[in-house]
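> Contents of start_6.csv (CSV, C-alpha atoms and all ligand atoms) are below:
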chain,number,residue,atom,x,y,z
A,1,MET,CA,-14.0,-2.9,1.1
A,2,ILE,CA,-12.0,0.2,0.4
A,3,VAL,CA,-8.3,-0.3,-0.5
A,4,LEU,CA,-5.6,2.3,-0.2
A,5,SER,CA,-2.6,2.4,-2.3
A,6,GLY,CA,0.6,4.5,-2.6
A,7,ALA,CA,4.3,4.5,-2.2
A,8,ILE,CA,6.3,4.2,1.1
A,9,GLY,CA,5.2,7.0,3.4
A,10,ALA,CA,2.3,8.1,1.2
A,11,GLY,CA,0.0,8.2,4.2
A,12,LYS,CA,-1.9,5.0,3.8
A,13,SER,CA,-1.9,3.9,7.4
A,14,SER,CA,-2.7,7.4,8.6
A,15,LEU,CA,-5.7,7.7,6.1
A,16,ALA,CA,-6.8,4.2,7.0
A,17,THR,CA,-7.3,5.3,10.6
A,18,VAL,CA,-9.0,8.6,9.7
A,19,LEU,CA,-11.3,7.0,7.1
A,20,SER,CA,-12.3,4.0,9.2
A,21,GLU,CA,-13.1,6.2,12.2
A,22,HIS,CA,-15.2,8.5,9.9
A,23,LEU,CA,-17.1,5.5,8.4
A,24,GLY,CA,-17.4,3.6,11.6
A,25,THR,CA,-15.7,0.6,10.1
A,26,GLU,CA,-12.5,-1.3,10.7
A,27,ALA,CA,-9.0,-0.6,9.4
A,28,PHE,CA,-6.6,-3.4,8.5
A,29,TYR,CA,-2.9,-2.5,8.6
A,30,GLU,CA,0.1,-3.8,6.8
A,31,GLN,CA,2.5,-5.9,9.0
A,32,VAL,CA,5.5,-3.6,9.4
A,33,ASP,CA,6.7,-3.0,12.9
A,34,ASN,CA,6.1,-6.6,13.9
A,35,ASN,CA,7.5,-7.9,10.6
A,36,PRO,CA,10.6,-9.9,11.3
A,37,VAL,CA,11.7,-10.1,7.6
A,38,LEU,CA,11.5,-6.4,6.7
A,39,PRO,CA,14.7,-5.3,8.5
A,40,LEU,CA,16.5,-8.4,7.1
A,41,PHE,CA,15.3,-7.4,3.6
A,42,TYR,CA,16.7,-3.9,3.8
A,43,LYS,CA,20.0,-5.2,5.1
A,44,ASP,CA,20.4,-7.9,2.4
A,45,PRO,CA,17.7,-7.5,-0.3
A,46,LYS,CA,19.0,-10.2,-2.6
A,47,LYS,CA,18.8,-12.9,0.1
A,48,TYR,CA,15.5,-11.9,1.5
A,49,ALA,CA,13.3,-10.4,-1.3
A,50,PHE,CA,11.5,-13.7,-2.0
A,51,LEU,CA,10.9,-14.5,1.7
A,52,LEU,CA,9.6,-11.0,2.4
A,53,GLN,CA,7.3,-11.3,-0.6
A,54,ILE,CA,5.8,-14.6,0.7
A,55,TYR,CA,5.5,-13.1,4.1
A,56,PHE,CA,3.5,-10.0,2.8
A,57,LEU,CA,1.4,-12.2,0.5
A,58,ASN,CA,0.3,-14.4,3.4
A,59,LYS,CA,-0.5,-11.5,5.7
A,60,ARG,CA,-2.2,-9.5,3.0
A,61,PHE,CA,-4.4,-12.5,2.2
A,62,GLU,CA,-5.3,-12.9,5.8
A,63,SER,CA,-6.3,-9.2,6.1
A,64,ILE,CA,-8.4,-9.3,2.9
A,65,LYS,CA,-10.4,-12.3,4.2
A,66,LYS,CA,-11.1,-10.4,7.5
A,67,ALA,CA,-11.8,-7.1,5.8
A,68,MET,CA,-14.3,-8.3,3.3
A,69,VAL,CA,-16.9,-9.3,5.8
A,70,GLN,CA,-18.2,-5.7,6.0
A,71,ASP,CA,-18.8,-2.9,3.5
A,72,ASN,CA,-16.3,0.0,3.7
A,73,ASN,CA,-13.7,-1.7,5.9
A,74,VAL,CA,-10.3,-0.2,5.0
A,75,LEU,CA,-7.2,-2.0,3.9
A,76,ASP,CA,-4.0,0.1,4.0
A,77,ARG,CA,-2.4,-1.5,0.9
A,78,SER,CA,-3.6,-3.5,-2.0
A,79,ILE,CA,-2.4,-7.0,-2.9
A,80,TYR,CA,-1.7,-5.7,-6.4
A,81,GLU,CA,1.1,-3.4,-5.1
A,82,ASP,CA,2.9,-6.4,-3.6
A,83,SER,CA,3.5,-7.6,-7.1
A,84,LEU,CA,4.7,-4.2,-8.2
A,85,PHE,CA,7.3,-4.3,-5.4
A,86,PHE,CA,8.4,-7.8,-6.2
A,87,HIS,CA,8.7,-7.3,-10.0
A,88,MET,CA,10.8,-4.2,-9.4
A,89,ASN,CA,13.1,-6.1,-7.0
A,90,ALA,CA,13.3,-8.9,-9.5
A,91,ASP,CA,14.3,-6.5,-12.3
A,92,MET,CA,17.0,-5.2,-9.9
A,93,GLY,CA,18.4,-8.8,-9.8
A,94,ARG,CA,17.1,-9.5,-6.3
A,95,ALA,CA,15.0,-12.5,-7.2
A,96,THR,CA,15.5,-15.2,-9.8
A,97,PRO,CA,13.1,-15.8,-12.7
A,98,GLN,CA,12.1,-19.1,-11.0
A,99,GLU,CA,11.2,-17.2,-7.8
A,100,VAL,CA,9.1,-14.7,-9.9
A,101,LYS,CA,7.3,-17.6,-11.6
A,102,VAL,CA,6.5,-19.3,-8.3
A,103,TYR,CA,5.3,-16.0,-6.8
A,104,ASP,CA,3.1,-15.1,-9.8
A,105,GLU,CA,1.5,-18.5,-9.9
A,106,LEU,CA,0.9,-18.6,-6.2
A,107,LEU,CA,-0.6,-15.1,-6.3
A,108,ALA,CA,-2.9,-16.0,-9.1
A,109,ASN,CA,-3.9,-19.2,-7.4
A,110,MET,CA,-4.7,-17.5,-4.1
A,111,MET,CA,-6.7,-14.7,-5.8
A,112,GLN,CA,-8.9,-17.4,-7.3
A,113,GLU,CA,-9.6,-18.7,-3.8
A,114,LEU,CA,-10.7,-15.4,-2.3
A,115,PRO,CA,-14.3,-16.0,-1.2
A,116,TYR,CA,-15.3,-12.6,-2.6
A,117,ALA,CA,-14.0,-13.7,-6.0
A,118,ALA,CA,-17.3,-15.4,-6.6
A,119,ALA,CA,-19.3,-12.2,-6.0
A,120,LYS,CA,-17.4,-9.0,-6.3
A,121,LYS,CA,-14.0,-10.0,-7.6
A,122,ALA,CA,-12.4,-6.8,-6.3
A,123,PRO,CA,-12.5,-3.9,-3.8
A,124,ASP,CA,-15.4,-1.4,-4.0
A,125,LEU,CA,-13.0,1.5,-4.4
A,126,LEU,CA,-9.2,2.0,-4.7
A,127,VAL,CA,-8.0,5.3,-3.1
A,128,HIS,CA,-4.5,6.1,-4.4
A,129,LEU,CA,-2.3,8.5,-2.5
A,130,ASP,CA,-0.1,10.3,-5.0
A,131,ILE,CA,3.1,11.8,-3.6
A,132,SER,CA,6.3,13.4,-5.0
A,133,TYR,CA,9.8,12.2,-4.2
A,134,ASP,CA,10.5,15.1,-1.9
A,135,THR,CA,7.3,14.4,0.1
A,136,MET,CA,8.2,10.7,0.2
A,137,ILE,CA,11.6,11.3,1.7
A,138,HIS,CA,10.3,13.9,4.1
A,139,ARG,CA,7.7,11.5,5.4
A,140,ILE,CA,10.1,8.6,5.6
A,141,GLU,CA,12.4,10.8,7.8
A,142,LYS,CA,9.5,12.1,9.9
A,143,ARG,CA,8.3,8.5,10.7
A,144,GLY,CA,11.9,7.4,11.3
A,145,ARG,CA,12.0,3.7,10.6
A,146,SER,CA,15.8,3.2,10.7
A,147,TYR,CA,16.1,0.7,7.9
A,148,GLU,CA,14.3,3.0,5.5
A,149,GLN,CA,16.5,6.1,6.0
A,150,PRO,CA,18.5,7.1,2.9
A,151,GLU,CA,21.6,7.7,4.9
A,152,GLN,CA,21.6,4.1,6.0
A,153,ASP,CA,22.1,2.9,2.4
A,154,PRO,CA,23.2,5.0,-0.6
A,155,THR,CA,21.1,2.8,-3.0
A,156,LEU,CA,17.8,3.7,-1.3
A,157,PRO,CA,17.2,7.0,-3.1
A,158,GLU,CA,17.4,5.2,-6.5
A,159,TYR,CA,15.1,2.5,-5.1
A,160,TYR,CA,12.6,5.1,-4.0
A,161,HIS,CA,12.7,6.9,-7.4
A,162,ASN,CA,12.2,3.7,-9.2
A,163,LEU,CA,9.2,2.8,-7.0
A,164,LEU,CA,7.5,6.1,-7.6
A,165,SER,CA,7.9,6.0,-11.3
A,166,ARG,CA,6.5,2.4,-11.4
A,167,TYR,CA,3.5,3.6,-9.3
A,168,ASP,CA,2.4,6.1,-12.1
A,169,GLY,CA,2.0,3.4,-14.7
A,170,TRP,CA,0.6,1.0,-12.1
A,171,TYR,CA,-2.3,3.4,-11.2
A,172,ASP,CA,-3.0,4.2,-14.8
A,173,ASP,CA,-3.3,0.5,-15.7
A,174,TYR,CA,-5.2,-0.5,-12.5
A,175,ASP,CA,-8.7,-1.7,-13.6
A,176,TYR,CA,-9.8,-4.2,-11.0
A,177,SER,CA,-12.3,-1.7,-9.4
A,178,PRO,CA,-13.3,2.0,-9.5
A,179,LYS,CA,-10.4,4.2,-8.5
A,180,MET,CA,-9.6,7.7,-7.4
A,181,LYS,CA,-6.4,9.7,-6.7
A,182,ILE,CA,-5.7,12.0,-3.8
A,183,ASP,CA,-2.9,14.5,-3.9
A,184,GLY,CA,-0.9,13.5,-0.9
A,185,ASP,CA,1.5,16.5,-1.3
A,186,LYS,CA,-1.4,19.0,-1.1
A,187,TYR,CA,-3.6,17.6,1.6
A,188,ASP,CA,-2.2,17.2,5.2
A,189,PHE,CA,-5.0,15.0,6.5
A,190,VAL,CA,-2.8,14.2,9.5
A,191,GLU,CA,-2.3,17.6,11.1
A,192,ASN,CA,-4.9,19.8,9.3
A,193,PRO,CA,-8.6,19.3,10.1
A,194,GLU,CA,-9.8,21.2,7.0
A,195,ASP,CA,-7.6,19.1,4.7
A,196,ARG,CA,-8.9,16.0,6.5
A,197,GLN,CA,-12.5,17.0,5.9
A,198,LYS,CA,-11.8,17.8,2.2
A,199,VAL,CA,-10.2,14.3,1.7
A,200,LEU,CA,-13.1,12.6,3.5
A,201,ASP,CA,-15.6,14.5,1.3
A,202,LEU,CA,-13.8,13.4,-1.9
A,203,ILE,CA,-13.9,9.8,-0.8
A,204,ASP,CA,-17.6,10.0,0.5
A,205,GLU,CA,-18.6,11.4,-2.9
A,206,GLN,CA,-17.1,8.3,-4.7
A,207,LEU,CA,-18.7,5.9,-2.2
A,208,ARG,CA,-22.1,7.4,-2.7
A,209,VAL,CA,-21.7,7.1,-6.5
A,210,ARG,CA,-20.8,3.4,-6.0
A,211,GLY,CA,-23.7,2.9,-3.6
A,212,THR,CA,-21.8,1.8,-0.5
A,213,LEU,CA,-22.6,5.0,1.4
A,214,ASP,CA,-26.0,6.6,2.0
B,301,LIG,N1,-1.1,13.8,4.1
B,301,LIG,C1,-0.1,13.9,5.1
B,301,LIG,N2,0.3,15.1,5.5
B,301,LIG,C2,1.3,15.2,6.4
B,301,LIG,N3,1.9,14.1,7.0
B,301,LIG,C3,1.5,12.9,6.6
B,301,LIG,C4,0.5,12.7,5.6
B,301,LIG,N4,0.4,11.4,5.4
B,301,LIG,C5,1.2,10.8,6.2
B,301,LIG,N5,1.9,11.7,7.0
B,301,LIG,C6,3.0,11.4,7.9
B,301,LIG,O1,4.0,10.7,7.1
B,301,LIG,C7,4.5,9.5,7.8
B,301,LIG,C8,4.1,8.3,7.0
B,301,LIG,O2,2.7,8.0,7.0
B,301,LIG,P1,2.1,6.6,7.0
B,301,LIG,O3,2.8,5.7,8.0
B,301,LIG,O4,0.6,6.8,7.2
B,301,LIG,O5,2.4,6.1,5.5
B,301,LIG,P2,2.2,4.7,4.8
B,301,LIG,O6,1.7,5.1,3.4
B,301,LIG,O7,1.3,3.9,5.6
B,301,LIG,O8,3.7,4.2,4.7
B,301,LIG,P3,4.2,2.7,4.5
B,301,LIG,O9,3.7,2.2,3.2
B,301,LIG,O10,5.7,2.8,4.5
B,301,LIG,O11,3.7,1.9,5.7
B,301,LIG,C9,3.9,9.6,9.2
B,301,LIG,O12,4.8,10.2,10.1
B,301,LIG,C10,2.6,10.4,9.0
B,301,LIG,O13,2.3,11.1,10.2
B,302,LIG,N1,10.1,-5.6,-1.0
B,302,LIG,C1,8.8,-5.3,-0.6
B,302,LIG,N2,7.8,-5.9,-1.1
B,302,LIG,C2,6.5,-5.6,-0.8
B,302,LIG,O1,5.5,-6.2,-1.2
B,302,LIG,C3,6.3,-4.6,0.2
B,302,LIG,N3,5.2,-4.1,0.8
B,302,LIG,C4,5.7,-3.2,1.7
B,302,LIG,N4,7.1,-3.1,1.6
B,302,LIG,C5,7.9,-2.3,2.5
B,302,LIG,C6,8.0,-0.9,2.1
B,302,LIG,C7,8.1,-0.2,3.4
B,302,LIG,O2,9.5,-0.1,3.8
B,302,LIG,C8,7.4,-1.1,4.4
B,302,LIG,C9,6.0,-0.6,4.7
B,302,LIG,O3,5.2,-0.5,3.6
B,302,LIG,O4,7.4,-2.4,3.8
B,302,LIG,C10,7.5,-4.0,0.7
B,302,LIG,N5,8.7,-4.3,0.3
Represent the structure from my file as structure tokens, please.
Ligand SMILES: Nc1ncnc2c1ncn2[C@@H]1O[C@H](COP(=O)(O)OP(=O)(O)OP(=O)(O)O)[C@@H](O)[C@H]1O
Ligand SMILES: Nc1nc(=O)c2ncn([C@H]3C[C@H](O)[C@@H](CO)O3)c2[nH]1

Amino acid sequence: MIVLSGAIGAGKSSLATVLSEHLGTEAFYEQVDNNPVLPLFYKDPKKYAFLLQIYFLNKRFESIKKAMVQDNNVLDRSIYEDSLFFHMNADMGRATPQEVKVYDELLANMMQELPYAAAKKAPDLLVHLDISYDTMIHRIEKRGRSYEQPEQDPTLPEYYHNLLSRYDGWYDDYDYSPKMKIDGDKYDFVENPEDRQKVLDLIDEQLRVRGTLD
């Protein structure tokens, strides 16, 4: 299983499609447009942060269980980033210490139950999409989900800055599996076929080293 990571608008869903088509495997997408809690969270984060987190945890777990049945299936966000989001929101006062404790313990408990825990314990490869703040905002605007737009809420730019700065430390500390970073500012794998091929070549190279691609 290949897991993609990166901030909001980094290009995970887009790369999941491109990569799974290239490898002839299946992509598993985060529940966003059909997620009933996400718009509520953006409107009232303090009230809905915990509920949203439980929603994502449940859906992510479901996706992991389906994705792990075949080598090189692609998951468009890691379960480890959910925790990054939640701890950041908790530090912003949007979740109580009790909620954090319940979440952390539930996550740890669920991770122990993952069937692959017995054999592999982690993804085969983490592919992190690294983007700057300007790219992030540009992509959020390009995609146009109304509740994510900075003009909807003057606190969102700070939220996005905080998120990006936490991602740097998160990637450096990540040690559950082999990992690689792709420069999401530099490569336009959505519109530019040459960039797409370069990114696919970089990932193929890592998969060959790891023995999951011939
Ligand atoms: N490398 C890229 N070059 C140019 N445009 C891109 C690139 N990656 C993504 N985009 C565009 O940016 C927008 C966001 O991309 P996408 O939905 O794939 O991001 P994401 O990481 O899955 O976001 P989220 O975590 O919020 O779901 C889309 O409009 C997509 O077409
Ligand atoms: N609070 C919170 N916790 C999460 O675990 C989480 N995972 C994703 N998201 C938000 C970011 C994008 O708007 C949108 C799509 O990634 O969903 C999250 N928000």
> Find the residues around stretch 155-164 of chain A up to 10 Å (only C-alpha atoms counted), leave out those fewer than 5 positions away in its own chain, and share them as a ChimeraX atom specification.
/A:6-8,42,84-85,88-89,92,130-133,136-137,147-150,169-170
> Wanna dump the chain A-ligand LIG 302 (chain B) contacts at 7 Å for me, each residue with its shortest atom pair and the distance in Å to one decimal, counting only C-alpha atoms and all ligand atoms, ordered by chain and number, as CSV?

residue,atom,partner,partner_atom,distance
A:Ile8,CA,B:LIG302,C7,5.3
A:Glu30,CA,B:LIG302,O3,6.9
A:Val32,CA,B:LIG302,C9,5.6
A:Leu38,CA,B:LIG302,O4,6.4
A:Ala49,CA,B:LIG302,N1,5.8
A:Leu52,CA,B:LIG302,N1,6.4
A:Gln53,CA,B:LIG302,O1,5.4
A:Phe56,CA,B:LIG302,O1,5.9
A:Glu81,CA,B:LIG302,O1,6.5
A:Asp82,CA,B:LIG302,O1,3.5
A:Ser83,CA,B:LIG302,O1,6.4
A:Phe85,CA,B:LIG302,N2,4.6
A:Phe86,CA,B:LIG302,N2,5.5
A:Asn89,CA,B:LIG302,N1,6.7
A:Glu148,CA,B:LIG302,O2,6.0
> Could you give me the residues within 6 Å of ligand LIG 301 (chain B), counting all atoms listed in the file, as a ChimeraX atom specification?
/A:7-14,139,142-143,184,187-190
> Mind checking which residues fall within 12 Å of A:Arg208, counting all atoms listed in the file, ignoring those fewer than 6 positions away in the same chain, and posting them as a ChimeraX atom specification?
/A:72,124-125,201-202,214
> Any chance you can output those residues with C-alpha atoms as a short mmCIF file (atom, residue, chain, number, x, y, z; two decimals), in the frame of the given file?

data_model
loop_
_atom_site.label_atom_id
_atom_site.label_comp_id
_atom_site.auth_asym_id
_atom_site.auth_seq_id
_atom_site.Cartn_x
_atom_site.Cartn_y
_atom_site.Cartn_z
CA ASN A 72 -16.30 0.00 3.70
CA ASP A 124 -15.40 -1.40 -4.00
CA LEU A 125 -13.00 1.50 -4.40
CA ASP A 201 -15.60 14.50 1.30
CA LEU A 202 -13.80 13.40 -1.90
CA ASP A 214 -26.00 6.60 2.00
#
> My list of candidates is A:Gln206, A:Tyr103, A:Val127, A:Asn73. Which is closest to A:Asp183 when distances are computed with all atoms listed in the file?
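Checking each candidate against A:Asp183, we get A:Val127 as the closest.
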> Quick one: residues within 12 Å of A:Leu207, all atoms listed in the file counted, chain neighbours fewer than 2 positions away excluded, as a VMD selection string?
chain A and resid 1 to 2 19 23 71 to 72 123 to 127 178 to 180 200 to 205 209 to 214
> For atom CA of A:Asp104 and atom CA of A:Leu129, quote the distance in Å rounded to one decimal.
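Answer for the atom CA of A:Asp104 to atom CA of A:Leu129 separation: 25.3 Å.
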> For a quick check of understanding, using all atoms listed in the file, which of A:Glu21, A:Asn192, A:Ala108, A:Ala95 has the smallest distance to A:Phe41?
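Checking each candidate against A:Phe41, we get A:Ala95 as the closest.
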> Give me, please, the distance in Å between atom CA of A:Ile64 and atom CA of A:Lys43, quoted to one decimal.
28.8 Å
> Would you compute the distance between atom CA of A:Arg60 and atom CA of A:Ser78? Give it in Å to one decimal.
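A separation of 7.9 Å between them.
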> Out of A:Asn58, A:Gln197, A:Ser5, A:Gln31, which residue has the shortest atom-to-atom distance to A:Leu107 when counting only C-alpha atoms?
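Using only C-alpha atoms, the shortest distance to A:Leu107 belongs to A:Asn58.
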> Considering only C-alpha atoms, state which residue in the set A:Tyr80, A:Leu57, A:Gly144, A:Leu75 is at the smallest distance from A:Leu106.
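Using only C-alpha atoms, the shortest distance to A:Leu106 belongs to A:Leu57.
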> Return the single residue from A:Val74, A:Val18, A:Ile79, A:Val199 that is closest to A:Lys59, with distances computed using only C-alpha atoms.
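Nearest candidate to A:Lys59 out of A:Val74, A:Val18, A:Ile79, A:Val199: A:Ile79.
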> Pick from A:Ala90, A:Ala67, A:Phe61, A:Tyr167: nearest to A:Gln112, with all atoms listed in the file counted?
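Checking each of A:Ala90, A:Ala67, A:Phe61, A:Tyr167 against A:Gln112, counting all atoms listed in the file, the winner is A:Phe61.
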